[in-house]
$ cat start-v1.txt   # compact mmCIF, C-alpha atoms and all ligand atoms
# COMPACT_ATOMS: atom_id res chain seq x y z
CA MET R 1 22.67 -10.90 18.69
CA ALA R 2 20.09 -9.10 20.82
CA LYS R 3 17.70 -9.24 17.89
CA SER R 4 17.73 -13.01 17.57
CA VAL R 5 16.72 -13.23 21.22
CA SER R 6 13.92 -10.72 20.67
CA TYR R 7 12.45 -12.72 17.77
CA SER R 8 11.12 -15.17 20.33
CA ALA R 9 7.61 -13.79 20.68
CA ALA R 10 6.67 -16.28 23.37
CA SER R 11 9.35 -15.07 25.74
CA THR R 12 8.42 -11.41 25.37
CA ARG R 13 4.64 -11.56 25.02
CA ALA R 14 3.75 -11.87 28.68
CA GLY R 15 6.50 -9.55 29.87
CA ASN R 16 5.61 -6.57 27.70
CA ARG R 17 1.82 -6.61 27.81
CA ALA R 18 1.53 -3.88 30.43
CA THR R 19 3.59 -1.44 28.36
CA ALA R 20 1.11 -0.92 25.47
CA SER R 21 0.52 2.76 24.75
CA TRP R 22 -1.44 4.75 22.20
CA ARG R 23 1.71 4.73 20.06
CA ASP R 24 1.47 0.94 19.71
CA TYR R 25 -2.14 1.22 18.51
CA TYR R 26 -1.12 4.01 16.14
CA GLU R 27 1.70 1.85 14.73
CA LEU R 28 -0.77 -1.00 14.16
CA THR R 29 -2.65 1.16 11.66
CA LYS R 30 0.44 1.46 9.34
CA PRO R 31 -0.03 5.25 9.37
CA ASN R 32 2.45 6.13 6.59
CA VAL R 33 0.94 3.59 4.22
CA VAL R 34 -2.59 4.81 5.03
CA MET R 35 -1.52 8.45 4.44
CA LEU R 36 -0.35 7.58 0.92
CA LEU R 37 -3.49 5.53 0.29
CA LEU R 38 -5.52 8.58 1.35
CA LEU R 39 -3.56 10.84 -0.99
CA THR R 40 -4.48 8.56 -3.90
CA ALA R 41 -8.12 8.56 -2.72
CA LEU R 42 -8.11 12.38 -2.50
CA VAL R 43 -6.77 12.64 -6.05
CA GLY R 44 -9.48 10.22 -7.21
CA MET R 45 -12.08 12.52 -5.61
CA CYS R 46 -10.69 15.69 -7.17
CA LEU R 47 -10.29 14.20 -10.67
CA ALA R 48 -13.90 12.94 -10.57
CA THR R 49 -15.30 16.46 -10.95
CA PRO R 50 -14.24 19.59 -12.85
CA GLY R 51 -15.23 21.75 -9.87
CA TRP R 52 -14.41 21.54 -6.17
CA VAL R 53 -15.31 18.44 -4.20
CA ASP R 54 -18.11 18.96 -1.69
CA TRP R 55 -16.25 19.31 1.63
CA GLN R 56 -18.63 16.96 3.49
CA VAL R 57 -18.03 14.18 0.95
CA LEU R 58 -14.29 14.90 1.11
CA VAL R 59 -14.07 14.69 4.89
CA ALA R 60 -16.47 11.75 5.31
CA GLY R 61 -14.94 9.88 2.35
CA LEU R 62 -11.37 10.23 3.60
CA ALA R 63 -12.41 9.38 7.18
CA GLY R 64 -14.28 6.25 6.08
CA ILE R 65 -11.57 5.03 3.68
CA GLY R 66 -8.87 5.84 6.28
CA LEU R 67 -10.66 3.96 9.06
CA LEU R 68 -11.29 0.85 6.95
CA SER R 69 -7.69 0.87 5.63
CA SER R 70 -6.39 1.21 9.20
CA ALA R 71 -8.63 -1.65 10.33
CA ALA R 72 -7.24 -3.80 7.48
CA ALA R 73 -3.69 -2.96 8.59
CA VAL R 74 -4.45 -3.94 12.21
CA ILE R 75 -5.94 -7.28 11.08
CA ASN R 76 -2.76 -7.84 9.01
CA HIS R 77 -0.69 -7.39 12.20
CA VAL R 78 -2.86 -9.93 14.04
CA VAL R 79 -2.91 -12.57 11.29
CA ASP R 80 0.84 -12.18 10.64
CA HIS R 81 2.09 -11.89 14.23
CA ARG R 82 3.92 -15.23 14.12
CA ILE R 83 5.60 -14.43 10.78
CA ASP R 84 6.38 -10.90 12.02
CA SER R 85 8.04 -12.22 15.17
CA GLN R 86 10.54 -14.19 13.02
CA MET R 87 11.73 -11.29 10.84
CA ALA R 88 14.28 -8.60 11.74
CA ARG R 89 12.15 -5.89 10.07
CA THR R 90 8.98 -6.72 11.98
CA PHE R 91 9.82 -8.59 15.21
CA ASN R 92 9.28 -5.44 17.26
CA ARG R 93 5.70 -4.85 16.10
CA PRO R 94 3.14 -4.44 18.90
CA VAL R 95 1.24 -7.74 18.44
CA ALA R 96 4.32 -9.78 17.47
CA LYS R 97 6.08 -8.47 20.59
CA GLY R 98 3.02 -9.09 22.76
CA LYS R 99 2.62 -5.44 23.75
CA VAL R 100 -0.93 -5.45 22.36
CA SER R 101 -2.95 -8.65 22.74
CA VAL R 102 -4.71 -10.27 19.79
CA ALA R 103 -8.09 -9.60 21.44
CA HIS R 104 -7.37 -5.89 21.98
CA ALA R 105 -6.05 -5.48 18.43
CA LEU R 106 -9.12 -7.19 16.98
CA LEU R 107 -11.43 -5.00 19.07
CA PHE R 108 -9.55 -1.93 17.85
CA ALA R 109 -9.91 -3.11 14.23
CA ALA R 110 -13.62 -3.89 14.69
CA VAL R 111 -14.39 -0.45 16.13
CA MET R 112 -12.58 1.29 13.25
CA ALA R 113 -14.17 -0.96 10.62
CA VAL R 114 -17.72 -0.43 11.92
CA ALA R 115 -17.17 3.33 12.27
CA GLY R 116 -15.59 3.58 8.80
CA TYR R 117 -18.33 1.56 7.13
CA ALA R 118 -21.07 3.55 8.90
CA ILE R 119 -19.54 6.88 7.84
CA LEU R 120 -19.32 5.77 4.19
CA GLU R 121 -22.82 4.25 4.17
CA LEU R 122 -24.50 7.20 5.91
CA ALA R 123 -22.51 10.22 4.71
CA VAL R 124 -21.11 9.12 1.31
CA ASN R 125 -22.81 6.31 -0.62
CA ARG R 126 -23.37 2.55 -0.51
CA LEU R 127 -21.19 1.78 -3.57
CA THR R 128 -18.15 3.38 -1.90
CA ALA R 129 -18.93 1.65 1.41
CA LEU R 130 -19.14 -1.78 -0.27
CA LEU R 131 -16.05 -1.28 -2.47
CA THR R 132 -14.01 -0.12 0.52
CA LEU R 133 -15.19 -3.09 2.57
CA ALA R 134 -14.26 -5.37 -0.35
CA SER R 135 -10.75 -3.81 -0.31
CA LEU R 136 -10.45 -4.55 3.40
CA VAL R 137 -11.46 -8.17 2.78
CA GLY R 138 -9.07 -8.31 -0.21
CA TYR R 139 -6.07 -7.13 1.82
CA ALA R 140 -6.72 -8.48 5.33
CA GLY R 141 -8.53 -11.65 4.25
CA ILE R 142 -7.50 -12.80 0.79
CA TYR R 143 -3.93 -11.39 0.65
CA THR R 144 -2.83 -11.74 4.26
CA MET R 145 -4.57 -14.99 5.22
CA PHE R 146 -4.15 -16.92 1.95
CA LEU R 147 -2.13 -15.44 -0.92
CA LYS R 148 0.85 -14.28 1.15
CA ARG R 149 1.45 -17.86 2.30
CA ALA R 150 0.51 -19.55 -0.96
CA THR R 151 2.15 -18.02 -4.04
CA PRO R 152 4.92 -15.60 -5.09
CA GLN R 153 2.25 -13.80 -7.14
CA ASN R 154 0.66 -12.85 -3.78
CA ILE R 155 1.41 -9.15 -4.05
CA VAL R 156 0.43 -8.89 -7.71
CA ILE R 157 -3.08 -10.20 -6.98
CA GLY R 158 -3.28 -8.70 -3.47
CA GLY R 159 -2.08 -5.38 -4.87
CA LEU R 160 -5.57 -4.76 -6.22
CA ALA R 161 -6.82 -3.90 -2.70
CA GLY R 162 -4.06 -1.35 -2.15
CA ALA R 163 -4.68 0.08 -5.63
CA ALA R 164 -8.41 0.63 -5.01
CA PRO R 165 -8.39 3.99 -3.12
CA PRO R 166 -8.39 6.26 -6.24
CA LEU R 167 -11.55 4.43 -7.37
CA LEU R 168 -13.01 4.69 -3.86
CA GLY R 169 -12.38 8.44 -3.90
CA TRP R 170 -13.96 8.73 -7.35
CA THR R 171 -17.11 6.76 -6.44
CA ALA R 172 -17.41 8.79 -3.22
CA VAL R 173 -17.93 11.89 -5.38
CA THR R 174 -19.94 10.50 -8.32
CA GLY R 175 -21.48 7.23 -7.10
CA GLU R 176 -20.25 5.59 -10.33
CA VAL R 177 -17.30 3.53 -11.55
CA HIS R 178 -15.62 5.50 -14.38
CA PRO R 179 -12.93 4.20 -16.79
CA HIS R 180 -10.67 7.14 -15.80
CA ALA R 181 -10.82 5.97 -12.17
CA LEU R 182 -9.85 2.47 -13.31
CA LEU R 183 -6.81 3.97 -15.06
CA LEU R 184 -5.65 5.41 -11.73
CA VAL R 185 -6.16 1.98 -10.15
CA LEU R 186 -4.11 0.44 -12.96
CA ILE R 187 -1.23 2.84 -12.23
CA VAL R 188 -1.03 1.86 -8.54
CA PHE R 189 -1.57 -1.82 -9.44
CA THR R 190 1.39 -1.79 -11.87
CA TRP R 191 3.52 0.21 -9.41
CA THR R 192 3.04 -2.30 -6.57
CA PRO R 193 5.35 -5.15 -7.77
CA PRO R 194 8.47 -2.96 -8.21
CA HIS R 195 7.59 -1.18 -4.93
CA PHE R 196 7.39 -4.38 -2.92
CA TRP R 197 9.87 -6.65 -4.69
CA ALA R 198 12.66 -4.05 -4.30
CA LEU R 199 12.15 -4.34 -0.53
CA ALA R 200 11.76 -8.12 -0.73
CA ILE R 201 15.14 -8.39 -2.48
CA HIS R 202 16.74 -6.50 0.41
CA ARG R 203 14.87 -8.69 2.94
CA GLU R 204 15.13 -11.99 1.07
CA LYS R 205 16.79 -13.83 4.00
CA ASP R 206 14.10 -12.61 6.40
CA TYR R 207 11.33 -13.97 4.18
CA ALA R 208 13.18 -17.25 3.62
CA LYS R 209 13.62 -17.68 7.37
CA ALA R 210 9.92 -17.05 8.01
CA LYS R 211 9.05 -19.39 5.09
CA VAL R 212 7.01 -16.75 3.25
CA PRO R 213 7.07 -17.59 -0.49
CA MET R 214 7.99 -14.12 -1.77
CA LEU R 215 9.41 -13.99 -5.31
CA PRO R 216 13.13 -13.65 -4.35
CA VAL R 217 12.76 -16.71 -2.12
CA THR R 218 10.97 -18.93 -4.67
CA HIS R 219 12.56 -17.71 -7.93
CA GLY R 220 15.80 -16.07 -6.80
CA VAL R 221 17.03 -12.49 -6.62
CA ALA R 222 18.15 -12.28 -10.28
CA PHE R 223 14.69 -13.23 -11.60
CA THR R 224 13.05 -10.79 -9.17
CA LYS R 225 15.29 -7.95 -10.39
CA THR R 226 14.24 -8.73 -13.97
CA SER R 227 10.58 -8.71 -12.89
CA VAL R 228 11.06 -5.35 -11.15
CA LEU R 229 12.59 -3.86 -14.29
CA LEU R 230 9.88 -5.25 -16.58
CA TYR R 231 7.03 -4.08 -14.32
CA THR R 232 8.64 -0.63 -14.22
CA LEU R 233 8.73 -0.57 -18.03
CA LEU R 234 5.05 -1.55 -18.01
CA LEU R 235 4.39 1.23 -15.50
CA CYS R 236 6.02 3.73 -17.89
CA LEU R 237 3.53 2.69 -20.59
CA VAL R 238 0.52 2.64 -18.27
CA CYS R 239 1.41 6.14 -17.03
CA LEU R 240 1.09 7.45 -20.59
CA LEU R 241 -2.57 6.41 -20.75
CA PRO R 242 -4.08 9.32 -18.74
CA TYR R 243 -2.51 11.71 -21.28
CA LEU R 244 -3.40 9.61 -24.33
CA VAL R 245 -7.09 9.29 -23.38
CA GLY R 246 -7.35 13.04 -22.68
CA MET R 247 -7.82 12.66 -18.94
CA SER R 248 -4.63 14.59 -18.08
CA ASN R 249 -2.53 17.28 -19.72
CA LEU R 250 0.99 18.55 -20.25
CA ILE R 251 2.05 19.01 -16.62
CA TYR R 252 1.12 15.39 -15.97
CA LEU R 253 2.86 14.13 -19.12
CA ILE R 254 6.13 15.88 -18.29
CA GLY R 255 5.96 15.07 -14.57
CA SER R 256 5.22 11.40 -15.09
CA LEU R 257 7.92 11.04 -17.78
CA LEU R 258 10.52 12.49 -15.39
CA LEU R 259 9.39 10.39 -12.43
CA ASN R 260 9.36 7.22 -14.52
CA ALA R 261 12.80 7.99 -15.97
CA GLY R 262 14.05 8.11 -12.36
CA PHE R 263 12.29 4.83 -11.51
CA LEU R 264 13.74 3.16 -14.62
CA ALA R 265 17.23 4.40 -13.71
CA TYR R 266 16.96 2.84 -10.24
CA THR R 267 15.55 -0.48 -11.46
CA TRP R 268 18.11 -0.65 -14.30
CA LYS R 269 20.87 -0.13 -11.75
CA LEU R 270 19.26 -2.75 -9.51
CA LYS R 271 19.41 -5.28 -12.34
CA PHE R 272 22.77 -4.47 -13.91
CA ALA R 273 24.95 -2.52 -11.44
CA ALA R 274 23.57 -3.00 -7.96
CA THR R 275 25.40 -2.25 -4.74
CA ASP R 276 24.21 -3.36 -1.29
CA LYS R 277 22.11 -0.21 -1.06
CA THR R 278 20.37 -0.20 -4.45
CA ALA R 279 17.35 -2.35 -3.52
CA MET R 280 16.44 -0.17 -0.51
CA GLN R 281 17.08 3.00 -2.51
CA THR R 282 14.72 1.71 -5.21
CA PHE R 283 12.07 0.88 -2.59
CA LYS R 284 12.33 4.36 -1.06
CA TYR R 285 12.21 5.98 -4.48
CA SER R 286 9.04 4.00 -5.32
CA ILE R 287 7.21 5.67 -2.42
CA LEU R 288 8.38 9.14 -3.43
CA HIS R 289 7.49 8.34 -7.05
CA LEU R 290 3.86 7.45 -6.31
CA MET R 291 3.40 10.37 -3.93
CA ILE R 292 4.73 12.96 -6.39
CA LEU R 293 2.93 11.32 -9.33
CA PHE R 294 -0.44 11.78 -7.62
CA VAL R 295 0.38 15.35 -6.57
CA VAL R 296 1.28 16.05 -10.22
CA LEU R 297 -2.05 14.53 -11.35
CA LEU R 298 -3.77 16.96 -8.97
CA VAL R 299 -1.83 20.04 -10.09
CA ASP R 300 -2.44 19.09 -13.73
CA HIS R 301 -6.19 18.78 -13.06
CA TYR R 302 -6.45 22.33 -11.72
CA VAL R 303 -3.87 23.83 -14.11
CA PRO R 304 -4.74 22.10 -17.41
CA ILE R 305 -2.04 23.22 -19.88
CA THR R 306 -2.41 21.75 -23.38
CA LEU R 307 -0.28 21.95 -26.52
C1 LIG R 401 0.13 -5.75 -1.93
C2 LIG R 401 0.57 -4.51 -2.02
C3 LIG R 401 1.72 -3.97 -1.16
C4 LIG R 401 2.69 -4.63 -0.49
C5 LIG R 401 2.91 -6.14 -0.39
C6 LIG R 401 3.49 -3.63 0.19
C7 LIG R 401 4.54 -3.91 1.04
C8 LIG R 401 5.19 -2.99 1.81
C9 LIG R 401 6.14 -3.31 2.83
C10 LIG R 401 6.55 -4.72 3.23
C11 LIG R 401 6.55 -2.16 3.38
C12 LIG R 401 7.57 -1.99 4.51
C13 LIG R 401 6.76 -1.76 5.74
C14 LIG R 401 7.57 -1.48 6.95
O1 LIG R 401 8.72 -1.89 7.05
O2 LIG R 401 7.00 -0.83 7.83
C15 LIG R 401 5.87 -1.09 2.70
C16 LIG R 401 6.04 0.23 3.00
C17 LIG R 401 5.28 1.22 2.47
N1 LIG R 401 4.28 1.08 1.54
FE1 LIG R 401 3.76 -0.63 0.61
N2 LIG R 401 3.00 -2.39 -0.10
C18 LIG R 401 1.92 -2.56 -0.90
C19 LIG R 401 1.12 -1.58 -1.40
C20 LIG R 401 1.24 -0.25 -1.07
C21 LIG R 401 0.35 0.77 -1.52
C22 LIG R 401 -0.86 0.54 -2.44
C23 LIG R 401 0.78 1.93 -0.98
C24 LIG R 401 0.21 3.33 -1.12
C25 LIG R 401 -0.52 3.74 -2.11
C26 LIG R 401 1.95 1.65 -0.18
C27 LIG R 401 2.67 2.58 0.51
C28 LIG R 401 3.73 2.31 1.33
C29 LIG R 401 4.42 3.30 2.15
C30 LIG R 401 4.11 4.78 2.23
C31 LIG R 401 5.39 2.61 2.86
C32 LIG R 401 6.41 3.20 3.88
C33 LIG R 401 5.88 2.93 5.26
C34 LIG R 401 6.74 3.53 6.34
O3 LIG R 401 7.81 4.07 6.08
O4 LIG R 401 6.30 3.46 7.51
N3 LIG R 401 2.20 0.31 -0.27
N4 LIG R 401 5.06 -1.62 1.75
C1 LIG R 402 -9.65 -0.63 2.66
C2 LIG R 402 -8.35 -0.65 1.97
C3 LIG R 402 -8.11 0.35 0.92
C4 LIG R 402 -7.44 -1.58 2.34
C5 LIG R 402 -6.03 -1.60 1.90
C6 LIG R 402 -5.21 -1.62 3.14
C7 LIG R 402 -3.73 -1.53 3.07
C8 LIG R 402 -3.15 -1.13 4.39
C9 LIG R 402 -2.97 -1.77 1.96
C10 LIG R 402 -1.49 -1.62 1.88
C11 LIG R 402 -0.77 -2.84 1.44
C12 LIG R 402 0.41 -3.21 2.32
C13 LIG R 402 1.03 -2.27 3.26
C14 LIG R 402 0.89 -4.43 2.21
C15 LIG R 402 2.00 -4.97 3.04
O1 LIG R 402 1.56 -6.08 3.72
P1 LIG R 402 2.58 -7.18 4.16
O2 LIG R 402 1.89 -8.03 5.18
O3 LIG R 402 3.13 -7.91 2.98
O4 LIG R 402 3.77 -6.33 4.76
P2 LIG R 402 4.33 -6.29 6.22
O5 LIG R 402 5.25 -7.45 6.32
O6 LIG R 402 5.05 -4.97 6.33
O7 LIG R 402 3.15 -6.37 7.15

$ encode --input "start-v1.txt" --output "structure tokens" --more "lines below"
Ligand code: HEM
Ligand SMILES: CC(C)=CCC/C(C)=C/CC/C(C)=C/COP(=O)(O)OP(=O)(O)O
Amino acid sequence: MAKSVSYSAASTRAGNRATASWRDYYELTKPNVVMLLLLTALVGMCLATPGWVDWQVLVAGLAGIGLLSSAAAVINHVVDHRIDSQMARTFNRPVAKGKVSVAHALLFAAVMAVAGYAILELAVNRLTALLTLASLVGYAGIYTMFLKRATPQNIVIGGLAGAAPPLLGWTAVTGEVHPHALLLVLIVFTWTPPHFWALAIHREKDYAKAKVPMLPVTHGVAFTKTSVLLYTLLLCLVCLLPYLVGMSNLIYLIGSLLLNAGFLAYTWKLKFAATDKTAMQTFKYSILHLMILFVVLLVDHYVPITL
């Protein structure tokens, strides 16, 4: 009951403006998402070289990629504040609620974007700076402004921006695009649909209410569950590639097989034996899955056990 009142952004915007704190600005950056993006970037850096990554490249690369990703997240909050104010999951966000004004949020994003680009351009290399900027445009511009409102394939296409960080980490170290880096991108790209659609199934009514054409809204929950299962099967195959091309070794093979078996079990249950909780459990597992998968890639790189 209280929530439906709070969804009215107009009634709260003016009243709450004075209460903005550093926590609101921190929340705007989607810190947990950016942390995981940075983990994938770090692994891209480490896998790019057999030795240790130069610490200056590591620090500057992660700072630049982190700042541009955070800026993209803030722009997403600004562009989406009307949609966000209509959904139970997001109505309390700082811009949707009016705690941070659009102008202040945009200034915050601009400062981070300029700082992030400058760090990458001056302390890393131009290729990484341009690719990271392209990812920001891909997520904040193409996905958020257009695709999200236009097609249920929004997150499949838009997922490319979120999948870029391993490549960004790799180019930060070598200055070149390498097929192995593209394999890491492919893993995150294939992981994104089951990650997001599991949540979208749980939040289907929210998206329908806000008129966002997410797959469960346009094609129904049953079709989305099938898509989640099929993308997870595809992910299982894609995850074999680093081993098959000789990029990774036994620790990775065993680790990824176990993690993917868990993901398949969740998505199978989601399709054929779901309870009210299964979609959210699958979503939460997806985050753990990607995090551990990239840690396993890292361990495997420094402890290369072969048959
Ligand atoms: C187009 C691609 C993606 C879409 C549409 C998407 C969508 C979402 C949504 C809607 C949430 C819930 C956010 C919330 O309630 O605060 C979420 C959470 C999350 N996503 Fe994604 N995601 C995408 C890609 C990624 C990528 C590439 C990563 C990391 C590599 C990632 C990591 C996370 C994490 C860590 C959370 C949990 C955030 C928290 O608990 O605060 N996502 N995602
Ligand atoms: C520079 C670079 C690497 C940019 C990538 C930036 C980035 C933050 C990618 C993560 C993707 C993500 C959280 C999508 C959710 O958006 P949504 O609008 O569908 O979800 P929401 O409703 O929770 O806001």

$ closest_residue --input "start-v1.txt" --among "R:Leu293, R:Leu264, R:Val137, R:Val59" --to "ligand LIG 402 (chain R)" --atoms "only C-alpha atoms and all ligand atoms"
R:Val137

$ closest_residue --input "start-v1.txt" --among "R:Phe223, R:Tyr143, R:Tyr25, R:Phe196" --to "Lys271 (chain R)" --atoms "only C-alpha atoms"
R:Phe223

$ residues_near_ligand --input "start-v1.txt" --ligand "ligand LIG 401 (chain R)" --cutoff "6 Å" --atoms "all atoms listed in the file" --output "list in words"
Asn32, Val33, Leu36, Leu37, Ile155, Gly158, Gly159, Gly162, Ala163, Thr192, Phe196 and Ile287 of chain R

$ write_last_selection --input "start-v1.txt" --atoms "C-alpha atoms" --output "PDB file, in the frame of the given file"
ATOM      1  CA  ASN R  32       2.450   6.130   6.590  1.00  0.00           C
ATOM      2  CA  VAL R  33       0.940   3.590   4.220  1.00  0.00           C
ATOM      3  CA  LEU R  36      -0.350   7.580   0.920  1.00  0.00           C
ATOM      4  CA  LEU R  37      -3.490   5.530   0.290  1.00  0.00           C
ATOM      5  CA  ILE R 155       1.410  -9.150  -4.050  1.00  0.00           C
ATOM      6  CA  GLY R 158      -3.280  -8.700  -3.470  1.00  0.00           C
ATOM      7  CA  GLY R 159      -2.080  -5.380  -4.870  1.00  0.00           C
ATOM      8  CA  GLY R 162      -4.060  -1.350  -2.150  1.00  0.00           C
ATOM      9  CA  ALA R 163      -4.680   0.080  -5.630  1.00  0.00           C
ATOM     10  CA  THR R 192       3.040  -2.300  -6.570  1.00  0.00           C
ATOM     11  CA  PHE R 196       7.390  -4.380  -2.920  1.00  0.00           C
ATOM     12  CA  ILE R 287       7.210   5.670  -2.420  1.00  0.00           C
TER      13      ILE R 287
END

$ closest_residue --input "start-v1.txt" --among "R:Leu122, R:Met145, R:Val221, R:Ile251" --to "ligand LIG 402 (chain R)" --atoms "all atoms listed in the file"
R:Met145

$ residues_near_point --input "start-v1.txt" --point "(-3.9, -7.4, 22.4)" --cutoff "12 Å" --atoms "all atoms listed in the file" --output "VMD selection string"
chain R and resid 13 to 14 16 to 21 24 to 25 28 74 to 75 77 to 78 81 93 to 109

$ residues_around --input "start-v1.txt" --residues "Leu147 (chain R)" --least-positions-apart "2" --cutoff "12 Å" --atoms "all atoms listed in the file" --output "PDB file with C-alpha atoms, in the coordinates of the input"
ATOM      1  CA  GLY R 138      -9.070  -8.310  -0.210  1.00  0.00           C
ATOM      2  CA  TYR R 139      -6.070  -7.130   1.820  1.00  0.00           C
ATOM      3  CA  ALA R 140      -6.720  -8.480   5.330  1.00  0.00           C
ATOM      4  CA  GLY R 141      -8.530 -11.650   4.250  1.00  0.00           C
ATOM      5  CA  ILE R 142      -7.500 -12.800   0.790  1.00  0.00           C
ATOM      6  CA  TYR R 143      -3.930 -11.390   0.650  1.00  0.00           C
ATOM      7  CA  THR R 144      -2.830 -11.740   4.260  1.00  0.00           C
ATOM      8  CA  MET R 145      -4.570 -14.990   5.220  1.00  0.00           C
ATOM      9  CA  ARG R 149       1.450 -17.860   2.300  1.00  0.00           C
ATOM     10  CA  ALA R 150       0.510 -19.550  -0.960  1.00  0.00           C
ATOM     11  CA  THR R 151       2.150 -18.020  -4.040  1.00  0.00           C
ATOM     12  CA  PRO R 152       4.920 -15.600  -5.090  1.00  0.00           C
ATOM     13  CA  GLN R 153       2.250 -13.800  -7.140  1.00  0.00           C
ATOM     14  CA  ASN R 154       0.660 -12.850  -3.780  1.00  0.00           C
ATOM     15  CA  ILE R 155       1.410  -9.150  -4.050  1.00  0.00           C
ATOM     16  CA  VAL R 156       0.430  -8.890  -7.710  1.00  0.00           C
ATOM     17  CA  ILE R 157      -3.080 -10.200  -6.980  1.00  0.00           C
ATOM     18  CA  GLY R 158      -3.280  -8.700  -3.470  1.00  0.00           C
ATOM     19  CA  GLY R 159      -2.080  -5.380  -4.870  1.00  0.00           C
ATOM     20  CA  VAL R 212       7.010 -16.750   3.250  1.00  0.00           C
ATOM     21  CA  PRO R 213       7.070 -17.590  -0.490  1.00  0.00           C
ATOM     22  CA  MET R 214       7.990 -14.120  -1.770  1.00  0.00           C
TER      23      MET R 214
END

$ atom_distance --input "start-v1.txt" --atom1 "atom O1 of ligand LIG 402 (chain R)" --atom2 "CA of Lys209 (chain R)"
17.1 Å

$ closest_residue --input "start-v1.txt" --among "R:Lys277, R:Lys225, R:His301, R:Arg89" --to "ligand LIG 402 (chain R)" --atoms "all atoms listed in the file"
R:Arg89

$ residues_near_point --input "start-v1.txt" --point "(4.8, 19.9, -19.7)" --cutoff "12 Å" --atoms "all atoms listed in the file" --output "ChimeraX atom specification"
/R:243,248-258,296,299-300,303-307

$ atom_distance --input "start-v1.txt" --atom1 "CA of Tyr26 (chain R)" --atom2 "CA of Glu204 (chain R)"
27.3 Å

$ closest_residue --input "start-v1.txt" --among "R:Val177, R:Ile83, R:Leu184, R:Ala172" --to "ligand LIG 402 (chain R)" --atoms "only C-alpha atoms and all ligand atoms"
R:Ile83

$ axis_aligned_box --input "start-v1.txt" --around "region 59-71 of chain R" --padding-each-side "6 Å" --output "JSON"
{"center_x": -11.4, "center_y": 6.5, "center_z": 6.3, "size_x": 22.1, "size_y": 28.3, "size_z": 20.0}

$ closest_residue --input "start-v1.txt" --among "R:Lys148, R:Arg82, R:Arg23, R:Lys205" --to "ligand LIG 402 (chain R)" --atoms "all atoms listed in the file"
R:Lys148

$ atom_distance --input "start-v1.txt" --atom1 "CA of Val34 (chain R)" --atom2 "atom C9 of ligand LIG 402 (chain R)"
7.3 Å

$ residues_around --input "start-v1.txt" --residues "Asp276 (chain R)" --least-positions-apart "5" --cutoff "10 Å" --atoms "all atoms listed in the file" --output "ChimeraX atom specification"
/R:202,270,281

$ residues_around --input "start-v1.txt" --residues "Thr278 (chain R)" --least-positions-apart "4" --cutoff "8 Å" --atoms "all atoms listed in the file" --output "list of chain:residue names"
R:Tyr266, R:Lys269, R:Leu270, R:Ala274, R:Thr282

$ decode --input "start-v1.txt" --residues "region 17-29 of chain R" --atoms "C-alpha atoms" --output "mmCIF file, in the first residue's frame"
data_model
loop_
_atom_site.group_PDB
_atom_site.id
_atom_site.type_symbol
_atom_site.label_atom_id
_atom_site.label_comp_id
_atom_site.auth_asym_id
_atom_site.auth_seq_id
_atom_site.Cartn_x
_atom_site.Cartn_y
_atom_site.Cartn_z
ATOM 1 C CA ARG R 17 15.670 16.842 -2.682
ATOM 2 C CA ALA R 18 17.390 18.199 0.417
ATOM 3 C CA THR R 19 18.096 14.709 1.760
ATOM 4 C CA ALA R 20 20.618 13.574 -0.906
ATOM 5 C CA SER R 21 23.782 12.163 0.650
ATOM 6 C CA TRP R 22 26.956 10.555 -0.634
ATOM 7 C CA ARG R 23 25.165 7.212 -0.289
ATOM 8 C CA ASP R 24 22.666 8.256 -2.979
ATOM 9 C CA TYR R 25 25.503 9.126 -5.360
ATOM 10 C CA TYR R 26 27.209 5.837 -4.513
ATOM 11 C CA GLU R 27 23.988 3.920 -5.235
ATOM 12 C CA LEU R 28 23.696 5.673 -8.611
ATOM 13 C CA THR R 29 26.936 4.007 -9.723
#
